[in-house]
Structures are given as C-alpha cells and as structure tokens.
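What follows is the content of structure09.txt, which has compact mmCIF, C-alpha atoms:
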```
# COMPACT_ATOMS: atom_id res chain seq x y z
CA MET Q 1 -0.02 19.36 33.01
CA SER Q 2 -3.64 18.34 33.31
CA VAL Q 3 -5.28 17.78 29.99
CA ASP Q 4 -8.33 15.99 28.70
CA SER Q 5 -7.94 13.25 26.13
CA ASN Q 6 -8.42 15.59 23.16
CA ASP Q 7 -5.75 17.94 24.40
CA ARG Q 8 -3.50 15.01 25.19
CA ASP Q 9 -3.98 13.54 21.71
CA TRP Q 10 -3.31 16.87 20.06
CA LEU Q 11 -0.23 17.42 22.18
CA ALA Q 12 1.01 13.96 21.30
CA MET Q 13 0.40 14.69 17.64
CA GLN Q 14 2.36 17.93 17.83
CA TYR Q 15 5.14 16.03 19.58
CA VAL Q 16 5.22 13.38 16.87
CA LEU Q 17 5.19 16.07 14.19
CA GLY Q 18 8.06 17.86 15.91
CA GLU Q 19 6.01 21.02 16.35
CA LEU Q 20 6.72 21.53 20.05
CA SER Q 21 9.31 23.99 21.26
CA ASP Q 22 12.30 22.60 23.15
CA THR Q 23 10.74 23.58 26.46
CA GLU Q 24 7.40 22.00 25.58
CA ARG Q 25 9.09 18.88 24.29
CA ASN Q 26 11.17 18.46 27.42
CA ALA Q 27 8.11 18.90 29.60
CA PHE Q 28 6.25 16.39 27.49
CA GLU Q 29 9.05 13.83 27.62
CA GLU Q 30 9.36 14.16 31.38
CA ARG Q 31 5.84 12.84 31.63
CA LEU Q 32 6.28 9.90 29.29
CA PRO Q 33 7.98 7.37 31.60
CA SER Q 34 5.22 7.67 34.17
CA ASP Q 35 2.19 8.25 31.98
CA VAL Q 36 1.15 5.18 30.00
CA ASP Q 37 -1.85 7.01 28.53
CA LEU Q 38 0.47 9.62 27.09
CA CYS Q 39 2.62 6.83 25.62
CA GLU Q 40 -0.51 5.36 24.08
CA ALA Q 41 -1.38 8.78 22.65
CA VAL Q 42 2.09 9.02 21.06
CA THR Q 43 1.64 5.51 19.67
CA ALA Q 44 -1.75 6.43 18.18
CA ALA Q 45 -0.42 9.69 16.73
CA SER Q 46 2.56 7.93 15.20
CA ARG Q 47 0.37 5.23 13.70
CA LEU Q 48 -2.02 7.82 12.27
CA MET Q 49 0.78 9.89 10.79
CA LEU Q 50 2.57 6.95 9.20
CA THR Q 51 -0.64 5.55 7.78
CA ALA Q 52 -1.85 8.94 6.57
CA HIS Q 53 1.48 9.52 4.88
CA ALA Q 54 1.23 6.16 3.13
CA ALA Q 55 -2.40 6.84 2.17
CA ILE Q 56 -1.60 10.25 0.72
CA GLU Q 57 1.39 8.84 -1.13
CA ALA Q 58 -0.76 6.03 -2.50
CA ASN Q 59 -3.39 8.52 -3.64
CA SER Q 60 -0.76 10.62 -5.33
CA SER Q 61 0.62 7.56 -7.08
CA SER Q 62 -2.79 6.48 -8.32
CA ILE Q 63 -3.53 9.98 -9.55
CA SER Q 64 -0.26 10.12 -11.45
CA ILE Q 65 -0.89 6.64 -12.86
CA ARG Q 66 -4.33 7.75 -13.95
CA ARG Q 67 -2.81 10.80 -15.58
CA ASP Q 68 -0.25 8.63 -17.28
CA SER Q 69 -2.89 6.25 -18.53
CA ASN Q 70 -4.96 9.17 -19.80
CA ARG Q 71 -1.94 10.40 -21.63
CA LEU Q 72 -1.45 7.00 -23.12
CA THR Q 73 -5.06 6.49 -24.12
CA PRO Q 74 -4.83 8.21 -27.51
CA GLY Q 75 -1.79 6.15 -28.32
CA ARG Q 76 -3.59 2.98 -27.35
CA SER Q 77 -6.58 3.98 -29.46
CA TRP Q 78 -4.41 4.61 -32.42
CA SER Q 79 -2.73 1.26 -31.92
CA ALA Q 80 -6.11 -0.43 -31.90
CA VAL Q 81 -7.18 1.40 -35.02
CA VAL Q 82 -3.99 0.47 -36.80
CA ALA Q 83 -4.29 -3.17 -35.75
CA THR Q 84 -7.90 -3.38 -36.90
CA ALA Q 85 -7.13 -1.73 -40.20
CA THR Q 86 -4.24 -4.11 -40.79
CA ALA Q 87 -6.39 -7.14 -40.06
CA MET Q 88 -9.11 -5.97 -42.43
CA ALA Q 89 -6.59 -5.23 -45.16
CA MET Q 90 -5.09 -8.70 -44.84
CA ALA Q 91 -8.54 -10.30 -44.99
CA LEU Q 92 -9.33 -8.39 -48.17
CA LEU Q 93 -5.98 -9.39 -49.60
CA LEU Q 94 -6.79 -13.03 -48.97
CA VAL Q 95 -10.04 -12.74 -50.87
CA VAL Q 96 -8.45 -10.99 -53.78
CA ARG Q 97 -5.57 -13.41 -54.05
CA ILE Q 98 -7.46 -16.64 -53.32
CA PRO Q 99 -10.84 -16.23 -55.04
CA VAL Q 100 -11.25 -20.00 -55.37
CA LYS Q 101 -11.66 -20.21 -51.62
CA SER Q 102 -14.65 -17.91 -51.46
CA PRO Q 103 -17.69 -19.80 -50.14
CA THR Q 104 -19.88 -18.00 -52.69
CA ASP Q 105 -17.96 -19.69 -55.36
CA GLY Q 106 -19.89 -22.83 -56.17
CA ARG Q 107 -16.88 -24.41 -57.76
CA VAL Q 108 -15.48 -25.44 -54.42
CA ALA Q 109 -18.71 -27.09 -53.38
CA ASN Q 110 -18.93 -28.89 -56.66
CA ASP Q 111 -15.33 -30.04 -56.38
CA SER Q 112 -15.71 -31.41 -52.89
CA PRO Q 113 -18.94 -32.20 -51.05
CA GLN Q 114 -17.16 -32.19 -47.72
CA ALA Q 115 -15.81 -28.76 -48.39
CA ALA Q 116 -19.23 -27.62 -49.48
CA GLU Q 117 -20.71 -28.90 -46.27
CA LEU Q 118 -18.06 -27.12 -44.28
CA VAL Q 119 -18.67 -23.88 -46.09
CA SER Q 120 -22.39 -24.28 -45.71
CA LEU Q 121 -22.05 -24.77 -41.99
CA TRP Q 122 -19.88 -21.70 -41.77
CA ARG Q 123 -22.31 -19.65 -43.79
CA SER Q 124 -25.26 -20.62 -41.62
CA GLY Q 125 -23.25 -19.76 -38.53
CA SER Q 126 -22.26 -16.43 -40.00
CA ASP Q 127 -25.83 -15.62 -40.95
CA SER Q 128 -27.14 -16.19 -37.46
CA SER Q 129 -24.38 -14.19 -35.84
CA ASP Q 130 -24.86 -11.35 -38.29
CA ASP Q 131 -28.23 -10.64 -36.75
CA ASP Q 132 -26.53 -9.52 -33.59
CA SER Q 133 -24.72 -6.56 -35.04
CA ASP Q 134 -26.50 -4.36 -37.54
CA ASP Q 135 -23.77 -1.76 -37.54
CA VAL Q 136 -21.21 -4.31 -38.45
CA ASP Q 137 -23.53 -5.59 -41.19
CA ASP Q 138 -23.53 -2.21 -42.88
CA ILE Q 139 -19.80 -2.07 -42.96
CA MET Q 140 -19.11 -5.72 -43.58
CA ASP Q 141 -21.86 -6.65 -46.06
CA ASP Q 142 -19.42 -7.31 -48.77
CA ALA Q 143 -16.92 -8.77 -46.44
CA ALA Q 144 -19.33 -11.28 -44.89
CA ASP Q 145 -18.34 -13.83 -47.47
CA VAL Q 146 -14.78 -12.82 -46.99
CA ALA Q 147 -14.54 -13.34 -43.25
CA VAL Q 148 -13.79 -17.00 -43.44
CA PRO Q 149 -11.36 -18.24 -40.86
CA SER Q 150 -8.00 -19.28 -42.10
CA TRP Q 151 -8.40 -22.84 -40.82
CA MET Q 152 -11.43 -23.21 -43.05
CA LEU Q 153 -9.63 -21.75 -46.03
CA ALA Q 154 -6.87 -24.25 -45.51
CA ALA Q 155 -9.33 -27.13 -45.23
CA VAL Q 156 -11.22 -26.08 -48.32
CA SER Q 157 -8.01 -25.60 -50.21
CA ILE Q 158 -6.83 -29.08 -49.32
CA GLU Q 159 -10.16 -30.62 -50.20
CA ALA Q 160 -10.27 -28.75 -53.48
CA GLY Q 161 -6.74 -29.81 -54.25
CA HIS Q 162 -7.65 -33.43 -53.64
CA ALA Q 163 -10.69 -33.17 -55.84
CA ILE Q 164 -8.80 -31.57 -58.69
CA ASN Q 165 -5.94 -34.05 -58.50
CA ALA Q 166 -8.11 -37.09 -57.96
CA PRO Q 167 -8.56 -39.60 -60.78
CA SER Q 168 -11.81 -39.20 -62.68
CA ASP Q 169 -13.10 -42.62 -61.65
CA GLN Q 170 -13.00 -41.60 -58.01
CA VAL Q 171 -14.98 -38.50 -58.82
CA GLN Q 172 -17.49 -40.57 -60.65
CA GLU Q 173 -17.82 -42.88 -57.70
CA ASN Q 174 -18.90 -39.88 -55.65
CA MET U 1 21.43 4.51 30.19
CA SER U 2 18.73 5.37 32.64
CA ASP U 3 17.17 2.46 34.44
CA ASP U 4 14.01 4.21 35.56
CA GLY U 5 11.24 1.70 35.73
CA ASP U 6 13.49 -1.22 35.12
CA PRO U 7 12.27 -4.07 37.32
CA THR U 8 15.81 -5.42 37.45
CA HIS U 9 16.53 -2.76 39.99
CA SER U 10 13.45 -3.25 42.10
CA GLY U 11 15.47 -5.30 44.54
CA GLN U 12 12.63 -7.69 45.22
CA PRO U 13 13.86 -10.96 46.63
CA GLY U 14 12.61 -14.27 45.36
CA SER U 15 11.57 -12.97 41.97
CA PRO U 16 10.21 -15.55 39.54
CA GLU U 17 12.31 -17.13 36.83
CA ARG U 18 13.25 -15.23 33.71
CA LEU U 19 10.82 -15.16 30.83
CA SER U 20 11.38 -17.79 28.19
CA ALA U 21 12.26 -16.82 24.64
CA ASP U 22 8.84 -18.06 23.52
CA ALA U 23 7.13 -15.88 26.10
CA VAL U 24 9.11 -12.86 24.92
CA ARG U 25 8.24 -13.63 21.29
CA ALA U 26 4.59 -13.84 22.24
CA LEU U 27 4.78 -10.49 24.01
CA TYR U 28 6.58 -9.06 21.01
CA LEU U 29 3.76 -10.14 18.73
CA LEU U 30 1.30 -8.58 21.14
CA HIS U 31 3.05 -5.29 21.87
CA GLY U 32 5.97 -5.04 19.45
CA ARG U 33 4.25 -3.05 16.74
CA ASP U 34 2.80 -0.51 19.16
CA LEU U 35 6.11 -0.12 20.93
CA GLN U 36 7.81 0.46 17.61
CA LEU U 37 5.19 3.05 16.67
CA PHE U 38 5.73 4.77 20.00
CA LEU U 39 9.48 4.76 19.53
CA THR U 40 9.10 6.07 15.98
CA GLY U 41 7.12 8.96 17.42
CA VAL U 42 9.84 9.62 19.96
CA LEU U 43 12.83 9.19 17.66
CA LYS U 44 11.33 10.27 14.31
CA ASN U 45 13.32 7.46 12.80
CA SER U 46 11.68 4.11 12.09
CA ASP U 47 14.95 2.24 11.60
CA ALA U 48 16.26 3.41 14.93
CA ALA U 49 12.89 2.66 16.49
CA GLN U 50 13.16 -0.89 15.25
CA ASP U 51 16.62 -1.29 16.75
CA VAL U 52 15.56 0.23 20.05
CA CYS U 53 12.48 -1.95 20.08
CA GLN U 54 14.66 -5.03 19.69
CA ALA U 55 16.90 -3.82 22.49
CA THR U 56 13.85 -3.27 24.69
CA PHE U 57 12.67 -6.82 24.18
CA GLN U 58 16.14 -8.02 24.98
CA ARG U 59 15.76 -6.20 28.29
CA LEU U 60 12.43 -7.93 28.67
CA LEU U 61 14.13 -11.27 28.21
CA GLU U 62 16.73 -10.38 30.80
CA SER U 63 14.63 -8.74 33.45
CA GLY U 64 11.01 -8.51 32.36
CA HIS U 65 10.04 -11.36 34.66
CA GLU U 66 10.11 -8.94 37.55
CA ALA U 67 7.41 -6.78 36.01
CA LYS U 68 3.81 -7.64 36.77
CA GLU U 69 2.01 -9.18 33.86
CA GLU U 70 -0.72 -6.53 33.83
CA THR U 71 1.87 -3.77 33.62
CA THR U 72 4.06 -5.35 30.96
CA ARG U 73 2.88 -2.87 28.34
CA GLY U 74 3.65 0.08 30.57
CA TRP U 75 6.99 -1.47 31.43
CA LEU U 76 7.80 -1.80 27.73
CA PHE U 77 6.91 1.85 27.08
CA LYS U 78 9.02 2.97 30.01
CA VAL U 79 12.06 0.87 29.25
CA GLY U 80 11.68 1.53 25.53
CA PHE U 81 11.61 5.27 26.15
CA ASN U 82 14.73 5.04 28.28
CA GLU U 83 16.42 3.02 25.56
CA ALA U 84 15.36 5.70 23.07
CA LEU U 85 16.92 8.41 25.22
CA ALA U 86 20.09 6.35 25.41
CA TRP U 87 20.02 6.04 21.64
CA ARG U 88 19.67 9.79 21.31
CA ARG U 89 22.62 10.42 23.57
CA LYS U 90 24.78 8.03 21.64
CA GLU U 91 23.53 9.46 18.39
CA SER U 92 24.38 12.96 19.45
CA GLN U 93 27.81 11.81 20.59
CA ARG U 94 29.16 9.93 17.63
CA ASP U 95 26.34 8.36 15.69
CA LYS U 96 27.06 4.96 17.18
CA LEU U 97 23.47 3.92 17.51
CA HIS U 98 23.25 1.20 14.96
CA ARG U 99 26.42 -0.59 16.04
CA ASN U 100 25.56 -0.39 19.73
CA THR U 101 21.95 -1.46 19.47
CA ALA U 102 22.79 -4.14 16.95
CA ALA U 103 25.37 -5.54 19.36
CA THR U 104 22.84 -5.38 22.16
CA ALA U 105 20.27 -7.19 20.06
CA ASP U 106 22.80 -9.88 19.26
CA GLN U 107 23.41 -10.46 22.93
CA ALA U 108 19.72 -10.98 23.47
CA ASN U 109 20.04 -14.31 21.72
CA ILE U 110 16.53 -13.99 20.44
CA GLU U 111 15.39 -13.36 16.91
CA LEU U 112 12.27 -11.29 16.52
CA PRO U 113 10.49 -10.79 13.23
CA VAL U 114 10.25 -7.33 11.73
CA GLN U 115 6.71 -6.06 11.98
CA SER U 116 5.17 -3.75 9.45
CA LEU U 117 4.18 -0.47 11.06
CA VAL U 118 1.70 0.37 8.35
CA ARG U 119 -0.95 -2.09 7.25
CA THR U 120 -2.56 -2.18 3.84
CA GLU U 121 -6.11 -2.32 5.13
CA GLU U 122 -5.46 0.68 7.36
CA ILE U 123 -4.06 2.64 4.44
CA GLU U 124 -7.16 1.88 2.39
CA LYS U 125 -9.40 2.92 5.25
CA LEU U 126 -7.51 6.15 5.81
CA LYS U 127 -7.57 6.98 2.11
CA ARG U 128 -11.35 6.93 2.28
CA LEU U 129 -11.45 8.87 5.53
CA LEU U 130 -9.14 11.57 4.19
CA GLN U 131 -11.51 12.13 1.29
CA ASP U 132 -14.35 12.70 3.72
CA LEU U 133 -12.57 15.62 5.35
CA PRO U 134 -13.49 19.16 4.31
CA THR U 135 -11.27 20.35 1.50
CA GLU U 136 -9.49 22.98 3.57
CA GLN U 137 -8.62 20.37 6.21
CA GLN U 138 -7.45 17.92 3.56
CA LEU U 139 -5.14 20.59 2.19
CA VAL U 140 -3.53 21.28 5.56
CA VAL U 141 -3.10 17.56 6.29
CA ARG U 142 -1.57 16.97 2.88
CA GLN U 143 0.81 19.90 3.10
CA ARG U 144 1.90 19.01 6.61
CA ILE U 145 2.28 15.27 6.16
CA GLN U 146 3.18 14.78 2.54
CA GLU U 147 5.02 17.98 1.79
CA ASP U 148 6.45 18.20 5.31
CA LYS U 149 5.75 21.89 5.60
CA THR U 150 5.55 23.49 9.01
CA PHE U 151 2.25 24.97 10.10
CA ALA U 152 3.87 28.40 9.86
CA GLN U 153 4.83 27.76 6.23
CA ILE U 154 1.34 26.53 5.42
CA ALA U 155 -0.18 29.59 7.05
CA ALA U 156 2.10 31.89 5.09
CA GLU U 157 1.39 30.14 1.79
CA GLN U 158 -2.34 30.15 2.28
CA ASN U 159 -2.29 33.65 3.71
CA LEU U 160 -4.06 32.46 6.83
CA PRO U 161 -3.47 33.07 10.52
CA LEU U 162 -1.38 30.33 12.10
CA GLY U 163 -4.21 29.62 14.54
CA THR U 164 -6.58 28.84 11.66
CA VAL U 165 -4.16 26.33 10.16
CA LEU U 166 -3.61 24.70 13.55
CA THR U 167 -7.34 24.50 14.16
CA ARG U 168 -7.91 22.87 10.77
CA MET U 169 -5.20 20.34 11.43
CA ARG U 170 -6.47 19.64 14.91
CA LEU U 171 -10.04 19.14 13.71
CA ALA U 172 -8.83 16.86 10.95
CA ILE U 173 -6.73 14.81 13.35
CA GLN U 174 -9.60 14.53 15.82
CA LYS U 175 -11.91 13.22 13.11
CA LEU U 176 -9.34 10.83 11.69
CA GLN U 177 -8.46 9.43 15.09
CA MET U 178 -12.12 9.00 15.96
CA TRP U 179 -12.92 7.31 12.64
CA PHE U 180 -9.70 5.39 12.49
CA GLY U 181 -10.19 3.94 15.95
```
For the structure just supplied, provide its representation as structure tokens.
Amino acid sequence: MSVDSNDRDWLAMQYVLGELSDTERNAFEERLPSDVDLCEAVTAASRLMLTAHAAIEANSSSISIRRDSNRLTPGRSWSAVVATATAMAMALLLVVRIPVKSPTDGRVANDSPQAAELVSLWRSGSDSSDDDSDDVDDIMDDAADVAVPSWMLAAVSIEAGHAINAPSDQVQEN
Amino acid sequence: MSDDGDPTHSGQPGSPERLSADAVRALYLLHGRDLQLFLTGVLKNSDAAQDVCQATFQRLLESGHEAKEETTRGWLFKVGFNEALAWRRKESQRDKLHRNTAATADQANIELPVQSLVRTEEIEKLKRLLQDLPTEQQLVVRQRIQEDKTFAQIAAEQNLPLGTVLTRMRLAIQKLQMWFG
C-alpha cells in the first residue's frame, strides 16, 4: 500500500476509530511492525481522538453547568432580594425600637461629648459617601440617619448609659 | 508471543550490557506516553494499553540493549505491537490479560509511573480548535467521537451520502491534526 501522509493519517484514524473492515484492518496491521511512520500515525490519531473526546466532554460539561447556573439565577436573585429586604427591615426596627440612639437626636450628644463626637464623625463620613450614589440617596434619604453601624450604636448606648448614671458632680466637671 | 523485531533473537555476539533500570525509566519518560497512545489505538482499551506498555518496557529492560539507540522508538513500537497481539490472543482465549501482563510487569522488577495520555493544555487547545471548524464538520466530529455513532449512522441521521460524512470527518481531522501539531 503506497500512500501519502494524508492518506496514511486518514487510514490510521479510521483504524483507531475501528472503521476498517476486517480485511483492511489485517492489511493495515501487517504493515505496522515494519513501518514506524504508520505507528507514529496511529499514535497521533489516538492522541487526537482521546484529546478531542475529552475536549468535547469538557465543553458539554461547561454548557450543562452554564445551563444549570442560568436555571439557578432567578433563585439566587430572589435570595439576594430577600436578604436585602430582611437587612433593611431589621435596620428600620432598630431605629423604631431604639430612638435614643439616633444621631439626629441631640440628647445623646448632650449626654456624652465623646458620643457626640463619634456620631459627628459618622455623620460627616456618611455625608461624603452619600455623594457617590444618588439613586441610593433617593431611596435612603430617611434612612441615612438610620444606617448607623451596630458597633456605634453600642458605643453610644454605653456612653449614654454612663452619662445618665453618672453622679451630677462628674457631669458638672465636664 | 511473536518475537518479530525483538533484538534478543538477533543472535549478535558480544552485545553490550543490559540497560539499567534508570536508563529504562528515562526511555519510558521519553517514549512511554506515545507508546501507550499507540497501543490504545491498537487495542481500543487504555487500561490494557497501559499494561502492555509496562510489559514492553520490561522487555526493554531484558533485551533492549541489543537495539540501536537511534531505533529504540521503532523497537518499542514493534515489540509493543507484538505484545498487543499477544494480549489480544489471550483476551480472546480466556480474558487472562490483566493477570498475565500484571505478572509480567512484576517480573520486570521496575516500577514505572503512570503517564496521563491526555493533557489539560492540549484539551484546552483542542476545544478552541474544534470551535473553529465549520459547523457541519463539528457535528460529524461530535457525533462520531462523543456519541460513538458510526459514519453510516451519522449519514442516515443527517440524510447525507456516506461519502459526504466521511469527507467532512476527514477534512476536520486534517485541520485538527495540522493545527494540533
């Protein structure tokens, strides 16, 4: 069998794929022990087939993963919406239930200068960051005073508690 | 087992000493993966190909020193093919391949690492190359390789002449082999 390299490669590929008839396969295999180039062609065909199979399988997997993730996207969106709504509701609840901790309430500042300073710092920080997001401003105008971090609420609460419970002479000293 | 091409039987006097285990390991790292790919193509069974590959390198340890260095690769293909035919005969007799080749490998007294036939970077490259094929060629390649359909089945499903399907596959393979290197 005299074949050019393309024919040889194609023949090797058909051999690897098991597409040759028994007669063709026997003729092909008779050549193998004495034809290193044909062995190399079988090696190349085998490598290409195995790699192509893995590549196609990998593509199929990524497509199915993408489909899965698309299917999951609405669920994830709803989860995010629910989480955001819960967080906002809890923040509002804090304001309603702990009005004394609102930074707009001057009573805290009067009760404790340190707390007032803390709140003032927070307010100035909030004001500057508010400039970055107009959309959020529209929604959160009323909540701007509300969105005080819990660590600050705790600090203010402690300071206020100290001020209220402190003896009057200490207050006067300040 | 046929011994065609086995330098053990060359009858040359004064042959050099046997190859060391390190030398065989080095040759395995150099040619082992390709030999295993070749044997996978012959046997259509990668596990068996691995066993036969190990047996072939055992033969190399025993008698490979009589092969010329520049023809070692050819010697491996030849002996490996003969080992594969022996495997087939045993397989067709009583499915004794694994026990026989495993015992042979044990006798070799050499441990060779398992080499991966498919490499990640090659898969990534081929994924890209496959996407560059014309759609009709991609379809034939996919159906033949992934779905394991015969060309005749593909032709019947696509209502195409068998020759057209074969031509598409052949063109696709030519391109992939050229690109793949």
Selected residue, from U:Leu126, U:Leu162, U:Ala156, U:Leu61, that lies nearest to Ala21 (chain U) when counting all atoms listed in the file: U:Leu61
Taking all atoms listed in the file into account, report as a CSV table (one decimal) with C-alpha atoms, in the coordinates of the input which residues of chain U lie within 9 Å of chain Q.
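Output (result-v6.csv):
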```csv
chain,number,residue,atom,x,y,z
U,4,ASP,CA,14.0,4.2,35.6
U,5,GLY,CA,11.2,1.7,35.7
U,34,ASP,CA,2.8,-0.5,19.2
U,35,LEU,CA,6.1,-0.1,20.9
U,36,GLN,CA,7.8,0.5,17.6
U,37,LEU,CA,5.2,3.0,16.7
U,38,PHE,CA,5.7,4.8,20.0
U,39,LEU,CA,9.5,4.8,19.5
U,40,THR,CA,9.1,6.1,16.0
U,41,GLY,CA,7.1,9.0,17.4
U,42,VAL,CA,9.8,9.6,20.0
U,43,LEU,CA,12.8,9.2,17.7
U,44,LYS,CA,11.3,10.3,14.3
U,73,ARG,CA,2.9,-2.9,28.3
U,74,GLY,CA,3.6,0.1,30.6
U,75,TRP,CA,7.0,-1.5,31.4
U,77,PHE,CA,6.9,1.8,27.1
U,78,LYS,CA,9.0,3.0,30.0
U,79,VAL,CA,12.1,0.9,29.2
U,81,PHE,CA,11.6,5.3,26.2
U,82,ASN,CA,14.7,5.0,28.3
U,117,LEU,CA,4.2,-0.5,11.1
U,118,VAL,CA,1.7,0.4,8.4
U,119,ARG,CA,-1.0,-2.1,7.2
U,120,THR,CA,-2.6,-2.2,3.8
U,122,GLU,CA,-5.5,0.7,7.4
U,123,ILE,CA,-4.1,2.6,4.4
U,124,GLU,CA,-7.2,1.9,2.4
U,125,LYS,CA,-9.4,2.9,5.2
U,126,LEU,CA,-7.5,6.2,5.8
U,127,LYS,CA,-7.6,7.0,2.1
U,128,ARG,CA,-11.4,6.9,2.3
U,130,LEU,CA,-9.1,11.6,4.2
U,141,VAL,CA,-3.1,17.6,6.3
U,142,ARG,CA,-1.6,17.0,2.9
U,144,ARG,CA,1.9,19.0,6.6
U,145,ILE,CA,2.3,15.3,6.2
U,146,GLN,CA,3.2,14.8,2.5
U,150,THR,CA,5.6,23.5,9.0
U,151,PHE,CA,2.2,25.0,10.1
U,170,ARG,CA,-6.5,19.6,14.9
U,173,ILE,CA,-6.7,14.8,13.4
U,174,GLN,CA,-9.6,14.5,15.8
U,176,LEU,CA,-9.3,10.8,11.7
U,177,GLN,CA,-8.5,9.4,15.1
U,180,PHE,CA,-9.7,5.4,12.5
```
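Taking CA of Thr56 (chain U) and CA of Tyr28 (chain U) as endpoints, the distance between them is 10.0 Å.
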Selection near Arg25 (chain U), 9 Å with all atoms listed in the file, sequence-local residues under 3 positions removed, as a list in words: Ser20, Ala21, Asp22, Tyr28, Leu29, Leu30, Phe57, Ile110, Glu111, Leu112 and Pro113 of chain U
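Going from CA of Val140 (chain U) over to CA of Ala172 (chain U), you cover 8.8 Å.
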Coordinates-based distance that separates CA of Ala84 (chain U) from CA of Glu62 (chain U) (Å, one decimal): 17.9 Å
Please return the centre and edge lengths, in Å to one decimal, of a box with edges along x, y and z that contains all listed atoms of region 121-137 of chain U, widened by 6 Å on every side, as lines of an AutoDock Vina configuration file.
```
center_x = -9.2
center_y = 10.3
center_z = 4.3
size_x = 22.3
size_y = 37.3
size_z = 18.1
```
